[in-house]
file data15.txt (compact mmCIF, C-alpha atoms)
# COMPACT_ATOMS: atom_id res chain seq x y z
CA MET G 1072 0.00 0.00 0.00
CA PHE G 1073 1.29 3.48 -0.88
CA PRO G 1074 -0.84 6.08 0.90
CA ILE G 1075 1.57 8.92 0.14
CA LEU G 1076 3.82 9.79 -2.79
CA ARG G 1077 6.79 12.01 -2.06
CA ILE G 1078 8.01 13.92 -5.09
CA GLY G 1079 10.78 16.24 -3.90
CA PRO G 1080 9.25 18.56 -1.32
CA ALA G 1081 5.71 17.74 -2.41
CA VAL G 1082 3.66 15.09 -0.68
CA ILE G 1083 0.67 13.77 -2.60
CA GLN G 1084 -1.98 11.40 -1.35
CA SER G 1085 -1.85 8.55 -3.87
CA ALA G 1086 -5.55 7.69 -3.51
CA ARG G 1087 -6.61 11.23 -4.39
CA LEU G 1088 -4.17 11.34 -7.29
CA LEU G 1089 -5.59 8.10 -8.69
CA LEU G 1090 -9.14 9.42 -8.39
CA VAL G 1091 -8.19 12.60 -10.24
CA LEU G 1092 -6.46 10.59 -12.98
CA GLY G 1093 -9.52 8.31 -13.18
CA PHE G 1094 -11.75 11.37 -13.49
CA PHE G 1095 -9.88 12.73 -16.49
CA PHE G 1096 -9.45 9.35 -18.17
CA GLY G 1097 -13.14 8.54 -17.66
CA LEU G 1098 -14.12 11.95 -18.97
CA SER G 1099 -12.04 11.41 -22.12
CA LEU G 1100 -13.61 7.96 -22.69
CA SER G 1101 -17.13 9.39 -22.40
CA GLU G 1102 -16.23 12.20 -24.79
CA ARG G 1103 -14.80 9.64 -27.20
CA LEU G 1104 -17.97 7.57 -27.08
CA THR G 1105 -20.12 10.65 -27.69
CA ARG G 1106 -18.03 11.65 -30.71
CA LYS G 1107 -18.13 8.04 -31.96
CA LEU G 1108 -21.91 8.29 -31.95
CA GLY G 1109 -21.64 11.42 -34.07
CA GLU G 1110 -22.69 13.85 -31.34
CA ASP G 1111 -21.19 16.94 -29.77
CA SER G 1112 -19.38 16.06 -26.55
CA ASP G 1113 -19.25 19.59 -25.07
CA ALA G 1114 -22.55 19.33 -23.23
CA LEU G 1115 -21.52 16.00 -21.70
CA THR G 1116 -18.15 17.39 -20.57
CA ASN G 1117 -19.87 20.40 -19.02
CA LEU G 1118 -22.40 18.13 -17.33
CA ILE G 1119 -19.64 16.07 -15.64
CA ILE G 1120 -17.66 19.13 -14.56
CA ILE G 1121 -20.74 20.99 -13.27
CA ALA G 1122 -21.98 17.92 -11.39
CA THR G 1123 -18.54 17.39 -9.82
CA LEU G 1124 -18.17 21.02 -8.72
CA ALA G 1125 -21.76 21.18 -7.46
CA GLY G 1126 -21.22 17.90 -5.61
CA LEU G 1127 -18.09 19.19 -3.87
CA ILE G 1128 -19.71 22.50 -2.93
CA ALA G 1129 -22.88 20.79 -1.66
CA ALA G 1130 -20.82 18.27 0.31
CA ARG G 1131 -18.97 21.09 2.08
CA LEU G 1132 -22.17 23.14 2.63
CA PHE G 1133 -23.99 20.19 4.17
CA PHE G 1134 -21.02 19.56 6.47
CA VAL G 1135 -20.90 23.22 7.46
CA MET G 1136 -24.64 23.20 8.21
CA GLU G 1137 -24.07 20.25 10.53
CA HIS G 1138 -21.18 22.01 12.32
CA VAL G 1139 -22.01 25.71 12.07
CA ALA G 1140 -20.36 26.65 15.37
CA LEU G 1141 -16.97 25.28 14.29
CA PHE G 1142 -16.87 27.36 11.14
CA GLN G 1143 -18.02 30.53 12.88
CA LYS G 1144 -14.76 30.41 14.83
CA ASN G 1145 -12.71 29.39 11.83
CA LEU G 1146 -13.92 30.80 8.51
CA ILE G 1147 -10.85 29.61 6.59
CA GLY G 1148 -12.08 26.07 7.23
CA LEU G 1149 -14.82 26.72 4.66
CA VAL G 1150 -12.29 26.43 1.84
CA SER G 1151 -10.07 23.79 3.43
CA VAL G 1152 -8.92 20.90 1.22
CA ASP G 1153 -9.55 18.49 4.12
CA SER G 1154 -11.79 15.82 2.60
CA SER G 1155 -13.06 14.81 6.05
CA LEU G 1156 -15.02 18.08 6.04
CA LEU G 1157 -17.39 16.82 3.34
CA ASP G 1158 -20.80 15.22 3.68
CA PRO G 1159 -20.92 12.45 1.03
CA TRP G 1160 -24.72 12.20 0.78
CA GLY G 1161 -24.97 15.99 0.55
CA GLY G 1162 -22.47 15.79 -2.30
CA VAL G 1163 -24.46 13.12 -4.13
CA ALA G 1164 -27.65 15.18 -3.77
CA GLY G 1165 -25.92 18.33 -5.01
CA ALA G 1166 -24.41 16.56 -8.02
CA ALA G 1167 -27.74 14.93 -8.93
CA ILE G 1168 -29.71 18.19 -8.69
CA ALA G 1169 -27.10 20.12 -10.71
CA SER G 1170 -27.07 17.37 -13.38
CA LEU G 1171 -30.84 17.40 -13.70
CA ILE G 1172 -31.00 21.19 -13.98
CA TYR G 1173 -28.20 21.33 -16.54
CA GLY G 1174 -29.62 18.38 -18.49
CA GLN G 1175 -33.04 20.00 -18.69
CA ARG G 1176 -31.62 23.34 -19.78
CA LYS G 1177 -29.57 21.70 -22.52
CA HIS G 1178 -32.39 19.31 -23.46
CA LEU G 1179 -30.24 16.25 -22.84
CA ALA G 1180 -32.24 13.03 -23.14
CA PHE G 1181 -32.10 11.08 -19.85
CA TRP G 1182 -31.26 7.52 -20.90
CA PRO G 1183 -28.94 8.32 -23.86
CA THR G 1184 -27.00 10.71 -21.59
CA LEU G 1185 -26.59 8.00 -18.96
CA ASP G 1186 -25.27 5.68 -21.69
CA ARG G 1187 -22.68 8.25 -22.71
CA LEU G 1188 -21.69 8.74 -19.07
CA THR G 1189 -21.22 5.00 -18.54
CA PRO G 1190 -17.52 4.89 -19.58
CA PHE G 1191 -16.90 7.69 -17.03
CA PHE G 1192 -18.68 5.77 -14.26
CA ALA G 1193 -16.91 2.51 -15.17
CA THR G 1194 -13.50 4.20 -15.20
CA MET G 1195 -14.18 5.81 -11.83
CA ALA G 1196 -15.02 2.35 -10.46
CA VAL G 1197 -11.54 1.18 -11.56
CA ALA G 1198 -9.96 4.32 -10.06
CA ILE G 1199 -11.74 3.73 -6.75
CA GLY G 1200 -10.35 0.18 -6.69
CA LEU G 1201 -6.83 1.48 -7.34
CA ALA G 1202 -7.31 4.15 -4.66
CA HIS G 1203 -8.27 1.39 -2.22
CA ILE G 1204 -5.08 -0.50 -3.15
CA ALA G 1205 -3.06 2.64 -2.47
CA SER G 1206 -4.71 3.56 0.82
CA GLY G 1207 -5.33 0.08 2.22
CA GLN G 1208 -9.03 0.82 2.72
CA ALA G 1209 -11.79 -1.63 1.76
CA PHE G 1210 -9.52 -4.38 3.02
CA GLY G 1211 -10.19 -8.11 3.00
CA ALA G 1212 -11.03 -10.60 5.72
CA PRO G 1213 -8.20 -12.53 7.36
CA THR G 1214 -7.37 -15.71 5.44
CA SER G 1215 -4.70 -18.39 5.06
CA LEU G 1216 -5.02 -18.56 1.27
CA PRO G 1217 -1.66 -18.62 -0.57
CA TRP G 1218 -2.43 -15.35 -2.40
CA ALA G 1219 -3.26 -13.49 0.82
CA ILE G 1220 -1.59 -10.11 1.32
CA GLU G 1221 -0.08 -8.76 4.54
CA LEU G 1222 -2.11 -5.74 5.59
CA TRP G 1223 -3.06 -4.05 8.88
CA GLY G 1224 -1.30 -6.67 10.92
CA ALA G 1225 -2.79 -9.79 9.32
CA ARG G 1226 -2.75 -11.89 6.16
CA ARG G 1227 -5.89 -10.89 4.29
CA GLN G 1228 -7.92 -11.49 1.15
CA PRO G 1229 -6.61 -9.07 -1.52
CA SER G 1230 -10.13 -7.64 -1.83
CA GLN G 1231 -8.91 -4.36 -3.33
CA PHE G 1232 -7.26 -6.30 -6.17
CA TYR G 1233 -10.43 -8.35 -6.76
CA GLU G 1234 -12.42 -5.10 -6.84
CA THR G 1235 -10.06 -3.44 -9.31
CA ALA G 1236 -9.85 -6.47 -11.61
CA GLY G 1237 -13.64 -6.83 -11.63
CA ALA G 1238 -14.19 -3.14 -12.37
CA LEU G 1239 -11.60 -3.27 -15.17
CA ALA G 1240 -13.29 -6.32 -16.71
CA ILE G 1241 -16.65 -4.48 -16.63
CA LEU G 1242 -15.10 -1.39 -18.25
CA LEU G 1243 -13.55 -3.45 -21.06
CA LEU G 1244 -16.71 -5.49 -21.60
CA LEU G 1245 -18.95 -2.43 -21.80
CA TRP G 1246 -16.51 -0.50 -23.98
CA LYS G 1247 -16.70 -3.36 -26.50
CA GLN G 1248 -20.48 -2.96 -26.52
CA THR G 1249 -20.44 0.76 -27.23
CA GLY G 1250 -20.59 0.00 -30.96
CA ALA G 1251 -24.18 -1.29 -30.62
CA ILE G 1252 -25.89 0.14 -27.53
CA GLY G 1253 -29.41 -0.78 -28.65
CA VAL G 1254 -32.32 0.55 -26.57
CA PRO G 1255 -31.27 3.81 -24.86
CA GLY G 1256 -30.24 3.21 -21.27
CA THR G 1257 -29.11 -0.37 -21.88
CA LEU G 1258 -25.40 0.36 -21.53
CA PHE G 1259 -25.88 2.21 -18.25
CA LEU G 1260 -28.24 -0.41 -16.82
CA LYS G 1261 -25.78 -3.17 -17.75
CA PHE G 1262 -23.08 -1.23 -15.92
CA ALA G 1263 -25.34 -0.84 -12.88
CA ALA G 1264 -26.28 -4.53 -12.90
CA LEU G 1265 -22.71 -5.79 -13.40
CA THR G 1266 -21.18 -3.45 -10.83
CA SER G 1267 -23.80 -4.13 -8.19
CA GLY G 1268 -23.49 -7.87 -8.90
CA LEU G 1269 -19.74 -7.55 -8.40
CA VAL G 1270 -20.28 -5.78 -5.06
CA VAL G 1271 -22.72 -8.49 -3.93
CA PHE G 1272 -20.16 -11.17 -4.77
CA LEU G 1273 -16.96 -9.49 -3.56
CA SER G 1274 -18.31 -8.02 -0.32
CA ALA G 1275 -18.21 -11.55 1.05
CA PHE G 1276 -14.41 -11.31 1.05
CA ARG G 1277 -14.23 -7.96 2.86
CA GLY G 1278 -13.02 -7.62 6.41
CA ASP G 1279 -14.38 -4.13 7.07
CA SER G 1280 -18.08 -4.51 6.22
CA ARG G 1281 -20.70 -2.67 8.21
CA LEU G 1282 -23.41 -5.05 9.38
CA ILE G 1283 -27.15 -4.54 9.59
CA LEU G 1284 -30.06 -6.83 10.47
CA GLY G 1285 -27.83 -9.02 12.57
CA THR G 1286 -24.95 -10.18 10.39
CA ILE G 1287 -26.00 -9.06 6.90
CA ARG G 1288 -23.43 -6.87 5.15
CA GLN G 1289 -24.86 -3.41 4.46
CA ASP G 1290 -22.99 -3.07 1.12
CA GLN G 1291 -24.30 -6.41 -0.11
CA LEU G 1292 -27.90 -5.56 0.73
CA LEU G 1293 -27.73 -2.14 -0.94
CA ALA G 1294 -26.03 -3.62 -4.01
CA LEU G 1295 -28.64 -6.37 -4.17
CA GLY G 1296 -31.36 -3.69 -4.29
CA VAL G 1297 -29.54 -1.89 -7.12
CA LEU G 1298 -29.07 -5.20 -8.96
CA GLY G 1299 -32.77 -5.98 -8.74
CA LEU G 1300 -33.75 -2.50 -9.91
CA ALA G 1301 -31.25 -2.54 -12.80
CA LEU G 1302 -32.46 -5.96 -14.02
CA PHE G 1303 -36.09 -4.85 -13.72
CA LEU G 1304 -35.42 -1.69 -15.74
CA LEU G 1305 -33.43 -3.65 -18.34
CA GLU G 1306 -36.44 -5.90 -18.79
CA ILE G 1307 -39.10 -3.19 -19.02
CA ARG G 1308 -36.97 -1.04 -21.31
CA ALA G 1309 -36.50 -4.02 -23.63
CA HIS G 1310 -40.32 -4.46 -23.77
CA PRO G 1311 -41.87 -1.10 -22.98
CA GLY G 1312 -45.37 -1.98 -24.18
CA LYS G 1313 -45.77 -5.17 -22.16
CA SER G 1314 -44.61 -3.97 -18.76
CA ALA G 1315 -44.62 -0.70 -16.92
CA GLY G 1316 -44.69 1.46 -20.02
CA ASN G 1317 -42.06 3.52 -21.74
CA ILE G 1318 -39.70 5.41 -19.45
CA MET S 50 -32.85 -14.54 -26.20
CA LYS S 51 -36.62 -14.96 -25.77
CA PRO S 52 -38.28 -12.57 -23.29
CA VAL S 53 -39.40 -15.41 -21.01
CA SER S 54 -35.91 -16.93 -20.90
CA ARG S 55 -34.42 -13.54 -20.15
CA ARG S 56 -36.85 -12.92 -17.30
CA VAL S 57 -36.00 -16.32 -15.83
CA LEU S 58 -32.30 -15.51 -16.16
CA TYR S 59 -32.72 -12.11 -14.42
CA LEU S 60 -34.75 -13.67 -11.63
CA ALA S 61 -32.17 -16.44 -11.23
CA ILE S 62 -29.34 -13.86 -11.01
CA PHE S 63 -31.22 -11.90 -8.36
CA LEU S 64 -32.07 -14.99 -6.32
CA LEU S 65 -28.47 -16.17 -6.58
CA GLY S 66 -27.33 -12.78 -5.25
CA LEU S 67 -29.82 -13.02 -2.40
CA ALA S 68 -28.69 -16.54 -1.52
CA TRP S 69 -25.03 -15.48 -1.64
CA THR S 70 -25.78 -12.49 0.62
CA VAL S 71 -27.35 -14.77 3.21
CA LEU S 72 -24.83 -17.61 2.92
CA SER S 73 -21.76 -15.35 3.04
CA ARG S 74 -22.75 -13.66 6.31
CA PRO S 75 -19.66 -13.16 8.43
CA ALA S 76 -19.25 -14.61 11.88
CA ALA S 77 -19.65 -12.11 14.70
CA GLY S 78 -16.55 -10.00 15.30
CA VAL S 79 -14.89 -10.82 11.96
CA THR S 80 -15.54 -7.44 10.32
CA THR S 81 -14.37 -4.08 11.64
CA SER S 82 -17.25 -1.86 10.42
CA GLY S 83 -15.04 0.19 8.12
CA GLN S 84 -12.26 0.80 10.62
CA ILE S 85 -8.57 0.09 10.18
CA PRO S 86 -7.94 -2.93 12.40
CA ALA S 87 -4.65 -2.30 14.13
CA PRO S 88 -4.95 -0.28 16.25
CA GLN S 89 -8.61 0.21 15.63
CA VAL S 90 -11.34 2.53 16.67
CA GLY S 91 -13.28 1.18 19.62
CA PHE S 92 -10.25 -0.49 21.17
CA ALA S 93 -8.17 0.71 24.07
CA ALA S 94 -5.25 2.98 23.16
CA PRO S 95 -2.06 1.02 23.94
CA ALA S 96 -0.23 2.33 26.99
CA PHE S 97 3.23 3.88 26.64
CA THR S 98 5.66 6.04 28.54
CA LEU S 99 7.97 8.37 26.62
CA ALA S 100 10.32 11.16 27.57
CA GLU S 101 10.02 14.80 26.60
CA GLN S 102 13.06 16.72 25.37
CA ASN S 103 13.80 17.84 28.93
CA GLY S 104 13.83 14.22 30.08
CA GLN S 105 10.49 14.35 31.88
CA SER S 106 8.44 11.20 31.38
CA VAL S 107 4.85 11.25 30.20
CA SER S 108 2.57 8.20 30.34
CA LEU S 109 -0.64 7.84 28.41
CA SER S 110 -2.23 6.37 31.53
CA ASP S 111 -1.81 9.79 33.24
CA THR S 112 -4.30 11.26 30.79
CA ARG S 113 -7.23 8.99 31.71
CA GLY S 114 -10.42 11.05 32.01
CA LYS S 115 -9.19 13.57 29.42
CA VAL S 116 -9.63 13.74 25.66
CA VAL S 117 -6.29 13.13 23.95
CA ILE S 118 -5.03 13.97 20.48
CA LEU S 119 -2.08 11.68 19.88
CA ASN S 120 -0.17 12.92 16.87
CA TYR S 121 2.73 10.91 15.42
CA TRP S 122 5.00 13.08 13.31
CA ALA S 123 8.50 13.82 11.96
CA SER S 124 10.13 17.10 10.97
CA TRP S 125 10.89 15.93 7.42
CA CYS S 126 7.21 15.21 6.76
CA PRO S 127 5.52 18.26 5.13
CA PRO S 128 1.92 17.31 6.06
CA CYS S 129 3.09 16.90 9.68
CA ARG S 130 4.63 20.38 9.62
CA ALA S 131 1.53 21.80 8.01
CA GLU S 132 -0.86 20.56 10.66
CA MET S 133 1.11 21.35 13.81
CA PRO S 134 0.08 25.03 14.01
CA ALA S 135 -3.54 23.88 13.62
CA ILE S 136 -3.05 21.41 16.46
CA GLN S 137 -1.65 24.21 18.61
CA GLN S 138 -4.64 26.44 17.81
CA VAL S 139 -7.09 23.67 18.74
CA TYR S 140 -5.11 22.86 21.88
CA GLN S 141 -5.34 26.49 23.02
CA SER S 142 -9.07 26.56 22.33
CA TYR S 143 -9.94 23.34 24.15
CA GLN S 144 -7.21 22.90 26.78
CA ALA S 145 -9.40 24.40 29.49
CA ARG S 146 -12.16 21.92 28.68
CA GLY S 147 -9.89 18.91 29.17
CA LEU S 148 -8.02 18.40 25.90
CA ILE S 149 -4.50 17.01 26.01
CA VAL S 150 -2.20 16.86 23.00
CA LEU S 151 0.70 14.43 22.89
CA ALA S 152 2.88 14.94 19.83
CA ILE S 153 5.14 11.92 19.43
CA ASN S 154 8.16 12.59 17.27
CA ALA S 155 9.34 9.57 15.24
CA SER S 156 12.82 10.21 16.63
CA ASN S 157 14.22 6.94 15.30
CA GLN S 158 13.57 8.34 11.80
CA ASP S 159 14.25 12.01 12.50
CA ARG S 160 17.25 14.20 13.28
CA LEU S 161 17.18 15.95 16.63
CA ALA S 162 18.61 19.17 15.17
CA ALA S 163 16.03 19.28 12.38
CA MET S 164 13.23 18.59 14.86
CA GLN S 165 14.40 21.35 17.21
CA ALA S 166 14.79 23.81 14.33
CA PHE S 167 11.23 23.13 13.22
CA LEU S 168 9.82 23.36 16.74
CA GLY S 169 11.59 26.69 17.14
CA SER S 170 9.83 28.06 14.08
CA PHE S 171 6.38 28.25 15.70
CA ALA S 172 4.95 28.63 19.18
CA HIS S 173 3.66 25.44 20.75
CA SER S 174 2.66 24.64 24.29
CA TYR S 175 1.87 20.93 24.13
CA PRO S 176 4.45 18.27 25.02
CA ILE S 177 6.71 16.79 22.35
CA LEU S 178 7.57 13.19 23.18
CA LEU S 179 10.55 11.39 21.70
CA ASP S 180 10.03 7.88 20.33
CA THR S 181 13.74 7.21 20.13
CA ASN S 182 13.55 3.46 19.54
CA GLY S 183 10.29 3.46 17.56
CA GLU S 184 8.47 1.50 20.25
CA ALA S 185 5.34 3.70 20.26
CA GLY S 186 5.27 3.64 16.45
CA ARG S 187 5.27 -0.16 16.49
CA LEU S 188 2.69 -0.26 19.29
CA TYR S 189 0.32 1.90 17.26
CA ALA S 190 1.24 0.24 13.94
CA VAL S 191 2.10 3.63 12.44
CA ASN S 192 3.04 3.10 8.79
CA SER S 193 2.34 6.56 7.46
CA LEU S 194 3.02 10.09 8.68
CA PRO S 195 1.29 11.98 10.05
CA THR S 196 -0.99 9.63 11.95
CA THR S 197 -3.37 11.11 14.47
CA PHE S 198 -5.43 9.22 17.04
CA PHE S 199 -8.35 10.74 18.90
CA ILE S 200 -8.67 9.10 22.30
CA GLY S 201 -11.79 9.52 24.43
CA ARG S 202 -12.01 10.10 28.17
CA ASP S 203 -12.35 6.34 28.66
CA GLY S 204 -8.99 5.67 27.01
CA MET S 205 -10.55 4.18 23.88
CA ILE S 206 -9.49 5.16 20.36
CA GLN S 207 -12.47 7.04 18.92
CA ASP S 208 -11.07 8.19 15.59
CA LEU S 209 -7.98 7.81 13.48
CA VAL S 210 -6.61 9.88 10.59
CA VAL S 211 -3.73 8.45 8.58
CA GLY S 212 -1.42 10.17 6.13
CA ARG S 213 -3.04 13.55 5.69
CA PRO S 214 -2.80 16.87 7.47
CA LEU S 215 -5.70 17.92 9.66
CA THR S 216 -7.11 21.40 9.69
CA VAL S 217 -8.48 23.42 12.62
CA ALA S 218 -12.03 22.59 11.56
CA GLY S 219 -11.20 18.91 11.06
CA LEU S 220 -9.59 18.67 14.48
CA SER S 221 -12.26 20.75 16.24
CA SER S 222 -15.16 18.75 14.81
CA ARG S 223 -13.69 15.57 16.31
CA VAL S 224 -12.62 17.11 19.62
CA GLU S 225 -16.02 18.75 20.18
CA VAL S 226 -17.75 15.38 19.95
CA LEU S 227 -15.32 13.72 22.36
CA LEU S 228 -15.45 16.54 24.89
CA GLN S 229 -19.22 16.21 25.09
CA GLU S 230 -18.85 12.67 26.44
CA LYS S 231 -19.15 12.44 30.19
CA PRO S 232 -15.99 11.57 32.12

call {"tool": "encode", "arguments": {"input": "data15.txt", "output": "C-alpha cells"}}
result
Amino acid sequence: MFPILRIGPAVIQSARLLLVLGFFFGLSLSERLTRKLGEDSDALTNLIIIATLAGLIAARLFFVMEHVALFQKNLIGLVSVDSSLLDPWGGVAGAAIASLIYGQRKHLAFWPTLDRLTPFFATMAVAIGLAHIASGQAFGAPTSLPWAIELWGARRQPSQFYETAGALAILLLLWKQTGAIGVPGTLFLKFAALTSGLVVFLSAFRGDSRLILGTIRQDQLLALGVLGLALFLLEIRAHPGKSAGNI
Amino acid sequence: MKPVSRRVLYLAIFLLGLAWTVLSRPAAGVTTSGQIPAPQVGFAAPAFTLAEQNGQSVSLSDTRGKVVILNYWASWCPPCRAEMPAIQQVYQSYQARGLIVLAINASNQDRLAAMQAFLGSFAHSYPILLDTNGEAGRLYAVNSLPTTFFIGRDGMIQDLVVGRPLTVAGLSSRVEVLLQEKP
C-alpha cells in the first residue's frame, strides 16, 4: 500500500491522485464515445464538470450546516482541502440536482445521456479500486489462502485487487459494446447490474463490512437492491409496451 | 434470447445474489465496520511512557479522564509540519475543557537538530515526546506520517486519521464530539 507519494518537497496522497487521474481518463472515454456516436461532446463534458463542482460544494455546505459553530470560529475552514469536512450524501444530492437542472436546460435526453456517461462511471469504479489499493481501505477478511496479502497486521484477502480487476473487466466489456448500444439506457443499466453484482459477490471477502439486520453486510444488501432494480429496468426497457410502459 | 428466458435468467441472477448475501454472512466479530484494524477505533489505546526533550516522562495512563489527540510526526514530513500550528490552535481553544495533545516525534527516523529547528519556528505549548527506539510507532502500527489518534475520556481510540494533514475545523469537529462525552 502506498498512501503517500513524495516527489521532492511535495507530498501527494496517492488515492486522491488516482481518483483525479480516473476522473480525467473517464471523462475522455465518455467524450470519445459521444463523438463516436456522431454527437457533440461539449454538453456532456460540461455536465460532468458541473456535477462534480456542485457535488463538492454541496458536500462542504452540508457539512458546514451540521457544524455551524466550528466554522463561525474558523472561517478559513470553509475552503479547506480536508476531505473529512465533506458530507458524502450531501455531495451526491448536489451533483444529482445540478445534473438534472443542466440536463433539462440543454435538453439532454435522460437515458442516452446515462449511456454516454457510462464509460466515465466505469472508469471511476476502476480508479476507486486502485485508490483502495493505495490507501489500504476496503480491506479483506483474514485468510490463510496462498495469495493473501499482509495488511493491517494480518494476512488478508486481496479484496482491493479483486475489486479493481472486476471493475476493469466491466469497463472493457462495456466498452466493447459501445458500438451497438441498442435501446437507450441499456449500456448504463448493464453497468449498474454488473457493478452491483460484483459488489454483492466481492463483499463476502471484505473484512471491514458494516453489518445490519444481525450479520448481513450493508454493502451487499444495498447492491442487491440496485441489482434488482437494474435488471427490472433492463427488462421493461427491452419491452416497454408489455410492462410498466415507456420510461 | 426470448423474453421469457431472459426474465427467468434475471430472476435467477437476483435470487443467486440473495442466496449469496445470506450464505456469506460473516461470523460475529470478523468485520471491523469500516475501521482500520490495528490499532482500531473502539479499542483501548495502547499504553506507553515516553520522555520529553527535557527528560520528563509522560505516560498515556496519566491522561485517563481527558480527551487526547495523539499525533505521530516527523520534521521531514511536510503534512506533519503543516498541521502542527492547527493542532496548537485547537489545543489552546480546548485545553481548558480537558483536551490534552501528545505529539510523538518519530525520533528513530528524524534528526534531533532538524526537529528542534522546526519546533523553534512556531509557538507550541503541548508536550513533544521522543520515540527514540520506535516502540510507540510499532505499538500503534504507524506506517504513514502523520498519523493522528483521537482518544476519548475512557482511554478508547475514537477516531484515526492516517497520512493527511488535519485542519483546525477537522480537528475541532472531532474534539467537540469527544469533549461532550461524560468523564

call {"tool": "interface_residues", "arguments": {"input": "data15.txt", "of": "chain G", "to": "chain S", "cutoff": "6 Å", "atoms": "only C-alpha atoms", "output": "count of residues only"}}
result
9

call {"tool": "residues_around", "arguments": {"input": "data15.txt", "residues": "Ser110 in chain S", "least_positions_apart": "4", "cutoff": "9 Å", "atoms": "only C-alpha atoms", "output": "VMD selection string"}}
result
chain S and resid 96 to 98 204

call {"tool": "axis_aligned_box", "arguments": {"input": "data15.txt", "around": "range 106-122 of chain S", "padding_each_side": "5 Å", "output": "lines of an AutoDock Vina configuration file"}}
result
center_x = -1.0
center_y = 10.2
center_z = 23.3
size_x = 28.9
size_y = 17.6
size_z = 29.9

call {"tool": "residues_around", "arguments": {"input": "data15.txt", "residues": "Gly1211 in chain G", "least_positions_apart": "5", "cutoff": "6 Å", "atoms": "all atoms listed in the file", "output": "MDAnalysis selection string"}}
result
chainID G and resid 1227:1230 1276:1278

call {"tool": "closest_atom_pairs", "arguments": {"input": "data15.txt", "of": "range 1113-1140 of chain G", "to": "range 1090-1107 of chain G", "cutoff": "10 Å", "atoms": "all atoms listed in the file", "output": "JSON lines"}}
result
{"residue": "G:Asp1113", "atom": "CA", "partner": "G:Glu1102", "partner_atom": "CA", "distance": 8.0}
{"residue": "G:Ala1114", "atom": "CA", "partner": "G:Glu1102", "partner_atom": "CA", "distance": 9.7}
{"residue": "G:Leu1115", "atom": "CA", "partner": "G:Glu1102", "partner_atom": "CA", "distance": 7.2}
{"residue": "G:Thr1116", "atom": "CA", "partner": "G:Leu1098", "partner_atom": "CA", "distance": 7.0}
{"residue": "G:Ile1119", "atom": "CA", "partner": "G:Leu1098", "partner_atom": "CA", "distance": 7.7}
{"residue": "G:Ile1120", "atom": "CA", "partner": "G:Leu1098", "partner_atom": "CA", "distance": 9.1}
{"residue": "G:Thr1123", "atom": "CA", "partner": "G:Phe1094", "partner_atom": "CA", "distance": 9.8}

call {"tool": "closest_residue", "arguments": {"input": "data15.txt", "among": "S:Ala94, S:Ala131, S:Val226, S:Val53", "to": "Phe167 in chain S", "atoms": "all atoms listed in the file"}}
result
S:Ala131

call {"tool": "closest_residue", "arguments": {"input": "data15.txt", "among": "S:Glu132, S:Glu101, S:Glu230, S:Asp111", "to": "Ile177 in chain S", "atoms": "all atoms listed in the file"}}
result
S:Glu101

call {"tool": "residues_near_point", "arguments": {"input": "data15.txt", "point": "(-11.6, 10.6, 18.4)", "cutoff": "12 Å", "atoms": "all atoms listed in the file", "output": "MDAnalysis selection string"}}
result
chainID S and resid 89:94 115:120 148 197:210 219:230

call {"tool": "write_last_selection", "arguments": {"input": "data15.txt", "atoms": "C-alpha atoms", "output": "mmCIF file, in the coordinates of the input"}}
result
data_model
loop_
_atom_site.group_PDB
_atom_site.id
_atom_site.type_symbol
_atom_site.label_atom_id
_atom_site.label_comp_id
_atom_site.auth_asym_id
_atom_site.auth_seq_id
_atom_site.Cartn_x
_atom_site.Cartn_y
_atom_site.Cartn_z
ATOM 1 C CA GLN S 89 -8.610 0.210 15.630
ATOM 2 C CA VAL S 90 -11.340 2.530 16.670
ATOM 3 C CA GLY S 91 -13.280 1.180 19.620
ATOM 4 C CA PHE S 92 -10.250 -0.490 21.170
ATOM 5 C CA ALA S 93 -8.170 0.710 24.070
ATOM 6 C CA ALA S 94 -5.250 2.980 23.160
ATOM 7 C CA LYS S 115 -9.190 13.570 29.420
ATOM 8 C CA VAL S 116 -9.630 13.740 25.660
ATOM 9 C CA VAL S 117 -6.290 13.130 23.950
ATOM 10 C CA ILE S 118 -5.030 13.970 20.480
ATOM 11 C CA LEU S 119 -2.080 11.680 19.880
ATOM 12 C CA ASN S 120 -0.170 12.920 16.870
ATOM 13 C CA LEU S 148 -8.020 18.400 25.900
ATOM 14 C CA THR S 197 -3.370 11.110 14.470
ATOM 15 C CA PHE S 198 -5.430 9.220 17.040
ATOM 16 C CA PHE S 199 -8.350 10.740 18.900
ATOM 17 C CA ILE S 200 -8.670 9.100 22.300
ATOM 18 C CA GLY S 201 -11.790 9.520 24.430
ATOM 19 C CA ARG S 202 -12.010 10.100 28.170
ATOM 20 C CA ASP S 203 -12.350 6.340 28.660
ATOM 21 C CA GLY S 204 -8.990 5.670 27.010
ATOM 22 C CA MET S 205 -10.550 4.180 23.880
ATOM 23 C CA ILE S 206 -9.490 5.160 20.360
ATOM 24 C CA GLN S 207 -12.470 7.040 18.920
ATOM 25 C CA ASP S 208 -11.070 8.190 15.590
ATOM 26 C CA LEU S 209 -7.980 7.810 13.480
ATOM 27 C CA VAL S 210 -6.610 9.880 10.590
ATOM 28 C CA GLY S 219 -11.200 18.910 11.060
ATOM 29 C CA LEU S 220 -9.590 18.670 14.480
ATOM 30 C CA SER S 221 -12.260 20.750 16.240
ATOM 31 C CA SER S 222 -15.160 18.750 14.810
ATOM 32 C CA ARG S 223 -13.690 15.570 16.310
ATOM 33 C CA VAL S 224 -12.620 17.110 19.620
ATOM 34 C CA GLU S 225 -16.020 18.750 20.180
ATOM 35 C CA VAL S 226 -17.750 15.380 19.950
ATOM 36 C CA LEU S 227 -15.320 13.720 22.360
ATOM 37 C CA LEU S 228 -15.450 16.540 24.890
ATOM 38 C CA GLN S 229 -19.220 16.210 25.090
ATOM 39 C CA GLU S 230 -18.850 12.670 26.440
#
